[in-house]
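Shown here: work-v8.cif, mmCIF, C-alpha atoms.
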data_work
loop_
_atom_site.label_atom_id
_atom_site.label_comp_id
_atom_site.auth_asym_id
_atom_site.auth_seq_id
_atom_site.Cartn_x
_atom_site.Cartn_y
_atom_site.Cartn_z
CA MET R 1 12.31 -1.05 54.10
CA SER R 2 11.98 -0.30 57.83
CA ASN R 3 14.25 2.73 57.85
CA VAL R 4 12.88 4.46 54.77
CA TYR R 5 12.49 7.69 56.74
CA ALA R 6 16.16 7.58 57.75
CA TYR R 7 17.11 7.32 54.06
CA ILE R 8 14.74 10.16 53.14
CA LEU R 9 16.05 12.46 55.89
CA LEU R 10 19.69 11.68 55.15
CA MET R 11 19.35 12.51 51.46
CA ALA R 12 17.36 15.65 52.32
CA VAL R 13 20.11 16.88 54.64
CA VAL R 14 22.88 16.18 52.11
CA THR R 15 20.97 17.76 49.23
CA TYR R 16 19.93 20.82 51.21
CA SER R 17 23.47 21.40 52.49
CA ILE R 18 24.78 21.37 48.93
CA ARG R 19 22.26 24.05 48.00
CA ALA R 20 22.53 26.16 51.12
CA LEU R 21 26.30 26.31 51.68
CA PRO R 22 27.26 28.23 48.52
CA LEU R 23 24.30 30.60 48.79
CA THR R 24 25.08 31.49 52.39
CA LEU R 25 28.89 31.31 52.36
CA ILE R 26 30.27 32.01 48.90
CA ARG R 27 29.76 35.60 47.93
CA LYS R 28 32.63 35.78 45.45
CA GLU R 29 32.81 34.04 42.09
CA ILE R 30 34.56 30.65 41.86
CA LYS R 31 37.91 31.36 40.23
CA SER R 32 39.39 27.90 39.68
CA THR R 33 38.92 26.95 36.04
CA PHE R 34 39.26 23.28 36.91
CA ILE R 35 36.47 23.32 39.52
CA ARG R 36 34.23 25.41 37.30
CA SER R 37 34.80 23.07 34.38
CA PHE R 38 34.39 19.97 36.52
CA LEU R 39 31.05 21.18 37.88
CA TYR R 40 29.96 22.19 34.39
CA TYR R 41 30.46 18.63 33.08
CA VAL R 42 29.05 16.82 36.12
CA PRO R 43 25.35 16.83 35.16
CA TYR R 44 26.09 15.52 31.66
CA ALA R 45 28.25 12.67 32.93
CA THR R 46 25.84 11.75 35.74
CA LEU R 47 22.67 11.78 33.68
CA ALA R 48 24.30 9.95 30.77
CA ALA R 49 25.63 7.22 33.08
CA MET R 50 22.24 6.94 34.79
CA THR R 51 20.39 6.73 31.48
CA PHE R 52 22.42 4.13 29.63
CA PRO R 53 22.23 1.14 29.82
CA ALA R 54 19.54 1.39 32.55
CA ILE R 55 16.99 2.70 30.05
CA LEU R 56 17.06 -0.65 28.24
CA SER R 57 15.54 -2.29 31.32
CA ALA R 58 13.08 0.52 32.04
CA THR R 59 10.14 -1.27 30.41
CA ASP R 60 9.09 -4.92 30.51
CA ASN R 61 10.64 -5.46 27.10
CA HIS R 62 14.11 -4.55 25.78
CA ILE R 63 12.84 -3.89 22.24
CA SER R 64 10.18 -1.37 23.30
CA ALA R 65 12.72 0.33 25.58
CA LEU R 66 15.26 0.54 22.74
CA ALA R 67 12.61 2.04 20.45
CA GLY R 68 11.70 4.62 23.09
CA PHE R 69 15.38 5.43 23.63
CA CYS R 70 15.95 6.04 19.90
CA VAL R 71 12.87 8.27 19.61
CA ALA R 72 13.96 10.26 22.66
CA LEU R 73 17.48 10.71 21.24
CA ILE R 74 16.19 11.98 17.89
CA LEU R 75 13.65 14.36 19.45
CA ALA R 76 16.13 15.69 22.01
CA PHE R 77 18.79 16.20 19.35
CA ASN R 78 16.24 18.36 17.53
CA LYS R 79 15.74 20.32 20.75
CA LYS R 80 12.15 19.30 21.42
CA SER R 81 10.80 20.17 24.86
CA LEU R 82 11.22 17.99 27.92
CA LEU R 83 7.55 17.00 27.93
CA THR R 84 7.55 16.09 24.23
CA VAL R 85 10.65 13.93 24.52
CA ALA R 86 9.48 12.07 27.64
CA GLY R 87 5.90 11.70 26.42
CA LEU R 88 6.70 10.42 22.94
CA ALA R 89 9.34 8.03 24.27
CA CYS R 90 6.65 6.45 26.48
CA ALA R 91 4.10 6.44 23.64
CA THR R 92 6.59 4.74 21.32
CA ALA R 93 7.31 2.01 23.84
CA PHE R 94 3.59 1.51 24.40
CA ILE R 95 2.87 1.11 20.68
CA VAL R 96 5.81 -1.27 20.18
CA GLU R 97 4.61 -3.40 23.09
CA LEU R 98 1.14 -3.58 21.55
CA PHE R 99 2.67 -5.19 18.47
CA ILE R 100 4.92 -7.56 20.39
CA HIS R 101 2.26 -8.99 22.68
CA MET N 1 17.71 44.97 52.08
CA ASN N 2 14.94 44.62 49.50
CA VAL N 3 13.18 41.27 49.57
CA GLY N 4 10.62 42.30 46.93
CA LYS N 5 6.90 42.93 46.95
CA PHE N 6 3.89 40.66 46.70
CA SER N 7 3.81 41.39 42.96
CA ASP N 8 7.26 39.77 42.71
CA PHE N 9 5.83 36.67 44.37
CA ARG N 10 2.99 36.69 41.83
CA ASP N 11 5.48 37.03 38.96
CA GLY N 12 7.32 34.04 40.32
CA VAL N 13 4.16 31.95 40.45
CA ARG N 14 3.31 32.96 36.87
CA ASP N 15 6.77 32.08 35.56
CA ALA N 16 6.58 28.71 37.32
CA VAL N 17 3.56 27.45 35.34
CA PRO N 18 5.66 25.58 32.73
CA ILE N 19 7.80 24.12 35.52
CA PHE N 20 4.63 23.09 37.39
CA LEU N 21 3.35 21.14 34.37
CA GLY N 22 6.70 19.55 33.62
CA TYR N 23 7.21 18.58 37.25
CA ILE N 24 3.82 16.87 37.48
CA ALA N 25 4.79 14.67 34.54
CA VAL N 26 8.25 13.79 35.82
CA SER N 27 7.33 13.30 39.47
CA PHE N 28 4.39 11.17 38.33
CA ALA N 29 7.00 8.77 37.01
CA PHE N 30 8.87 9.00 40.32
CA GLY N 31 5.66 8.20 42.21
CA ILE N 32 5.15 5.10 40.10
CA GLU N 33 8.74 3.94 40.59
CA SER N 34 8.59 4.51 44.34
CA SER N 35 5.38 2.52 44.65
CA LYS N 36 7.06 -0.27 42.68
CA ILE N 37 9.67 -0.73 45.40
CA GLY N 38 7.00 -0.68 48.09
CA MET N 39 7.13 2.87 49.44
CA THR N 40 3.85 4.28 50.74
CA VAL N 41 2.19 7.32 49.16
CA PHE N 42 3.16 9.38 52.22
CA GLN N 43 6.81 8.29 52.05
CA SER N 44 6.97 9.16 48.36
CA ALA N 45 5.39 12.57 48.98
CA MET N 46 7.84 13.30 51.82
CA THR N 47 10.77 12.32 49.62
CA SER N 48 9.64 14.79 46.98
CA LEU N 49 8.81 17.56 49.45
CA LEU N 50 12.13 17.32 51.30
CA ASN N 51 14.45 16.73 48.34
CA VAL N 52 13.03 18.27 45.15
CA THR N 53 15.70 16.62 43.00
CA SER N 54 14.74 14.32 40.14
CA ALA N 55 18.00 12.52 39.44
CA GLY N 56 18.81 12.29 43.13
CA GLN N 57 15.45 10.83 44.11
CA PHE N 58 15.37 8.30 41.29
CA SER N 59 18.88 7.10 42.04
CA ALA N 60 18.05 6.81 45.75
CA LEU N 61 15.19 4.40 45.05
CA GLU N 62 17.59 1.66 44.06
CA ILE N 63 19.61 2.03 47.27
CA ILE N 64 16.49 2.12 49.43
CA GLU N 65 15.10 -0.95 47.68
CA LYS N 66 18.30 -2.91 48.27
CA ASN N 67 18.75 -1.61 51.82
CA GLY N 68 22.05 -0.08 50.73
CA SER N 69 24.42 1.67 53.11
CA PHE N 70 23.85 5.21 54.35
CA LEU N 71 27.34 6.13 53.19
CA GLU N 72 26.56 5.03 49.65
CA LEU N 73 23.34 7.08 49.67
CA ALA N 74 25.04 10.17 51.08
CA VAL N 75 27.96 10.03 48.62
CA LEU N 76 25.63 9.36 45.69
CA GLN N 77 23.40 12.33 46.57
CA PHE N 78 26.45 14.50 47.07
CA ILE N 79 27.91 13.68 43.65
CA ILE N 80 24.65 13.72 41.71
CA ASN N 81 23.53 16.99 43.26
CA LEU N 82 26.95 18.63 43.21
CA ARG N 83 25.80 20.70 40.26
CA TYR N 84 23.45 22.57 42.60
CA MET N 85 26.56 23.99 44.26
CA LEU N 86 27.55 25.75 41.07
CA MET N 87 23.97 26.95 40.53
CA SER N 88 23.74 28.12 44.12
CA ALA N 89 27.03 29.95 43.77
CA ALA N 90 25.79 31.59 40.57
CA LEU N 91 22.51 32.58 42.21
CA SER N 92 24.37 34.14 45.12
CA GLN N 93 25.87 36.59 42.62
CA ARG N 94 22.40 37.71 41.56
CA LEU N 95 21.17 38.51 45.05
CA ASP N 96 21.49 41.80 46.84
CA PRO N 97 24.69 41.29 48.93
CA LYS N 98 22.71 42.49 51.94
CA THR N 99 20.14 39.71 51.61
CA SER N 100 19.82 38.08 55.03
CA THR N 101 21.00 34.56 55.78
CA LEU N 102 17.41 33.50 56.49
CA HIS N 103 16.30 34.44 52.98
CA ARG N 104 19.38 32.79 51.51
CA LEU N 105 18.42 29.60 53.33
CA GLY N 106 14.88 29.92 51.98
CA ILE N 107 16.01 30.31 48.37
CA SER N 108 18.41 27.37 48.81
CA TYR N 109 15.50 24.98 49.30
CA GLY N 110 14.40 25.45 45.69
CA VAL N 111 17.65 25.27 43.73
CA THR N 112 16.79 22.83 40.92
CA ASP N 113 17.85 22.80 37.27
CA GLU N 114 14.56 24.33 36.15
CA ILE N 115 14.05 26.90 38.93
CA PHE N 116 17.69 27.93 38.60
CA GLY N 117 17.25 28.31 34.84
CA VAL N 118 14.31 30.68 35.27
CA SER N 119 15.93 32.57 38.18
CA VAL N 120 19.18 33.44 36.40
CA LEU N 121 17.30 34.54 33.28
CA LYS N 122 15.22 36.96 35.39
CA LYS N 123 15.82 40.54 34.28
CA GLY N 124 16.96 42.96 36.97
CA GLY N 125 17.84 41.81 40.46
CA LEU N 126 16.64 38.58 41.99
CA TYR N 127 14.28 39.21 44.92
CA PRO N 128 13.61 36.47 47.49
CA MET N 129 9.87 37.01 47.03
CA TYR N 130 10.18 36.14 43.34
CA SER N 131 12.08 32.95 44.19
CA TYR N 132 9.43 32.00 46.74
CA GLY N 133 6.73 32.36 44.08
CA LEU N 134 8.69 30.13 41.71
CA ILE N 135 9.38 27.57 44.41
CA THR N 136 5.82 27.47 45.77
CA LEU N 137 4.12 26.49 42.52
CA SER N 138 6.98 24.29 41.29
CA VAL N 139 7.17 22.23 44.47
CA THR N 140 3.36 21.95 44.53
CA GLY N 141 3.56 20.33 41.09
CA TRP N 142 6.46 18.14 42.18
CA VAL N 143 4.64 16.76 45.24
CA LEU N 144 1.23 16.56 43.53
CA GLY N 145 2.65 14.54 40.65
CA THR N 146 4.42 12.23 43.09
CA VAL N 147 1.19 11.53 44.99
CA LEU N 148 -0.78 10.94 41.79
CA GLY N 149 1.95 8.64 40.46
CA ALA N 150 2.23 6.69 43.71
CA ILE N 151 -1.53 6.09 43.71
CA ALA N 152 -1.63 5.33 39.98
CA GLY N 153 1.26 2.90 40.39
CA GLN N 154 -1.00 0.78 42.56
CA ILE N 155 -4.05 0.80 40.27
CA MET N 156 -2.81 1.28 36.70
CA PRO N 157 -2.41 -1.67 34.30
CA GLN N 158 1.12 -3.08 34.20
CA ARG N 159 1.67 -2.40 30.51
CA LEU N 160 1.01 1.32 30.97
CA ILE N 161 3.27 1.52 34.02
CA SER N 162 5.98 -0.31 32.12
CA CYS N 163 6.00 2.34 29.39
CA LEU N 164 5.89 5.25 31.82
CA GLY N 165 9.15 3.93 33.23
CA LEU N 166 10.77 5.57 30.21
CA ALA N 167 9.55 9.06 31.18
CA ILE N 168 12.37 9.85 33.56
CA TYR N 169 15.05 8.70 31.11
CA GLY N 170 13.31 10.69 28.40
CA MET N 171 13.66 13.72 30.63
CA PHE N 172 17.36 13.09 31.27
CA ILE N 173 17.91 12.73 27.54
CA ALA N 174 16.01 15.97 26.91
CA ILE N 175 18.32 17.75 29.37
CA ILE N 176 21.71 16.47 28.16
CA ILE N 177 21.35 15.71 24.45
CA PRO N 178 20.49 19.18 23.03
CA ASP N 179 23.84 20.57 24.25
CA THR N 180 25.73 17.77 22.48
CA LYS N 181 24.72 19.27 19.16
CA GLU N 182 27.00 22.33 19.31
CA ASN N 183 29.37 21.42 22.12
CA LYS N 184 31.88 18.70 21.19
CA SER N 185 33.20 18.32 24.74
CA VAL N 186 29.72 17.75 26.12
CA ARG N 187 29.10 15.19 23.38
CA ALA N 188 32.32 13.38 24.29
CA VAL N 189 31.35 13.42 27.98
CA VAL N 190 27.89 11.97 27.29
CA VAL N 191 29.19 9.24 24.96
CA ALA N 192 32.09 8.33 27.26
CA ALA N 193 29.82 8.14 30.31
CA MET N 194 27.36 5.89 28.48
CA ILE N 195 30.08 3.57 27.21
CA LEU N 196 31.77 3.34 30.63
CA SER N 197 28.41 2.74 32.28
CA THR N 198 27.74 -0.13 29.88
CA VAL N 199 31.18 -1.62 30.51
CA PHE N 200 30.65 -1.37 34.27
CA ALA N 201 27.24 -2.99 33.98
CA PHE N 202 28.36 -6.07 32.06
CA ALA N 203 32.11 -6.60 32.51
CA PRO N 204 33.09 -9.34 34.95
CA PHE N 205 34.25 -8.04 38.35
CA LEU N 206 33.21 -4.45 37.50
CA SER N 207 29.56 -5.49 37.42
CA CYS N 208 29.85 -6.32 41.13
CA ILE N 209 30.06 -2.60 41.89
CA SER N 210 26.64 -1.26 42.89
CA SER N 211 24.95 1.06 40.44
CA GLY N 212 25.20 3.94 42.89
CA PHE N 213 28.97 3.84 43.15
CA ARG N 214 29.19 3.08 39.44
CA ILE N 215 27.56 6.45 38.72
CA ILE N 216 29.81 8.23 41.21
CA ILE N 217 33.01 6.72 39.79
CA ILE N 218 32.03 7.43 36.19
CA THR N 219 30.89 10.98 36.93
CA VAL N 220 34.04 11.98 38.80
CA PHE N 221 36.34 10.30 36.27
CA VAL N 222 34.67 11.61 33.11
CA ALA N 223 34.00 15.13 34.41
CA ALA N 224 37.57 15.45 35.74
CA CYS N 225 39.06 14.26 32.43
CA ALA N 226 36.85 16.67 30.52
CA ALA N 227 37.79 19.53 32.84
CA ILE N 228 41.51 18.85 32.18
CA VAL N 229 41.24 18.26 28.43
CA ALA N 230 38.60 20.89 27.65
CA PRO N 231 38.43 23.53 30.40
CA VAL N 232 35.32 25.69 30.19
CA LYS N 233 36.01 29.28 29.22
CA GLU N 234 34.68 32.19 31.23
CA GLU N 235 31.78 33.12 28.97
CA LYS N 236 30.15 29.68 29.34
CA ASP N 237 28.78 30.78 32.68
CA GLU N 238 26.23 28.26 33.84
#
Spit out the file's structure as structure tokens when you get a sec.
Amino acid sequence: MSNVYAYILLMAVVTYSIRALPLTLIRKEIKSTFIRSFLYYVPYATLAAMTFPAILSATDNHISALAGFCVALILAFNKKSLLTVAGLACATAFIVELFIH
Amino acid sequence: MNVGKFSDFRDGVRDAVPIFLGYIAVSFAFGIESSKIGMTVFQSAMTSLLNVTSAGQFSALEIIEKNGSFLELAVLQFIINLRYMLMSAALSQRLDPKTSTLHRLGISYGVTDEIFGVSVLKKGGLYPMYSYGLITLSVTGWVLGTVLGAIAGQIMPQRLISCLGLAIYGMFIAIIIPDTKENKSVRAVVVAAMILSTVFAFAPFLSCISSGFRIIIITVFVAACAAIVAPVKEEKDE
């Protein structure tokens, strides 16, 4: 944990470069369909891979986490807002844990 | 070059109110997670102030906790935040071509999913002053929530913290799942990434790969396959 600041600075530099390079350099539209498509799918693949199965270990109990995951899926599929989905997923897990303990 | 007036800045601040509230909630969860791995309140706040990227920051925690390699962290941030490149490129089309490099660098700081979403929907041209208004309030919420979460993580009861751990995943789900309803390719990408991620997590040998590289490998593989099988048509401009 000694070089936390080195980690923080490194990720800041990488992240900022990603944001700054296109805005300062690219003034024409990206033409390659493959690159456009690839970048379009990236957030979905990344967030999905980060979410599952990690979400099952997000709480102290797999059952409460699974319940929260299901509630979040249903709400999100019905296009509820970000706050609603996140909040009710947490609330569900909390209630389930009350019953388990 | 027209950078906009103070009223544009004010408009930006006003439009950022929903982002401000949402960011407090999400970064609160980040603050809790960062305190769990032993980061100080100041370190957490600096991470949020300098990065302003939810998925990137959360994924970095695991590497920092395990003292992972700098290369792994850099590659992970690059892949996870690669989408900002497309957003940045799209934003560059909305700016006055004469906008100075300095202002372009300023706007770059605040390219996030949410700020980008509001910026591209903005009617008329995009003035730097408007972006600065958006960024100012949004980042305030992002850092404030982080600080509150980092403090709360040290004093809140364990059962409550445990449940709040779901918040960030709830947010990810809220971002990716709605688009799976109409878009079959996006649905296939989400399902494939989740299945592969599960296989990587539990299969012998594959489970030795760190979670950071696991995400990189899956993202590149799934997104590349999807781009070949189902190229995005021009009108889906995001």
Show me, as JSON, the centre and edge lengths in Å to one decimal of the axis-aligned box that covers every listed atom of stretch 142-154 of chain N with 5 Å on each side.
{"center_x": 2.4, "center_y": 9.5, "center_z": 42.6, "size_x": 18.1, "size_y": 27.4, "size_z": 15.3}
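Using all atoms listed in the file, the shortest contact distance between chain R and any of N:Gly4, N:Pro97, N:Gly117, N:Gly12 is found at N:Pro97.
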For this file, the PyMOL selection byres ((chain N and resi 179-184) around 10) selects which residues, as a list in words?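 Output from the PyMOL selection byres ((chain N and resi 179-184) around 10), applied to this file: Tyr44, Ala76, Phe77, Asn78 and Lys79 of chain R; Ala174, Ile175, Ile176, Ile177, Pro178, Ser185, Val186, Arg187, Ala188, Val189, Val190, Val191 and Ala230 of chain N.
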When you look at N:Leu144 with a cut-off of 10 Å (counting all atoms listed in the file), what residues show up, excluding the ones that are within fewer than 4 positions of it in the same chain? I need them as a ChimeraX atom specification. /N:20,23-25,27-28,31,45,48-49,138-140,148-150
Once you count only C-alpha atoms, which residues of chain R turn out to be within 6 Å of chain N? Could you give them as a VMD selection string? chain R and resid 8 12 18 to 20 22 to 24 34 37 to 39 41 to 42 44 to 49 51 to 53 58 to 60 72 76 to 77 79 82 85 to 86 90 93 to 94
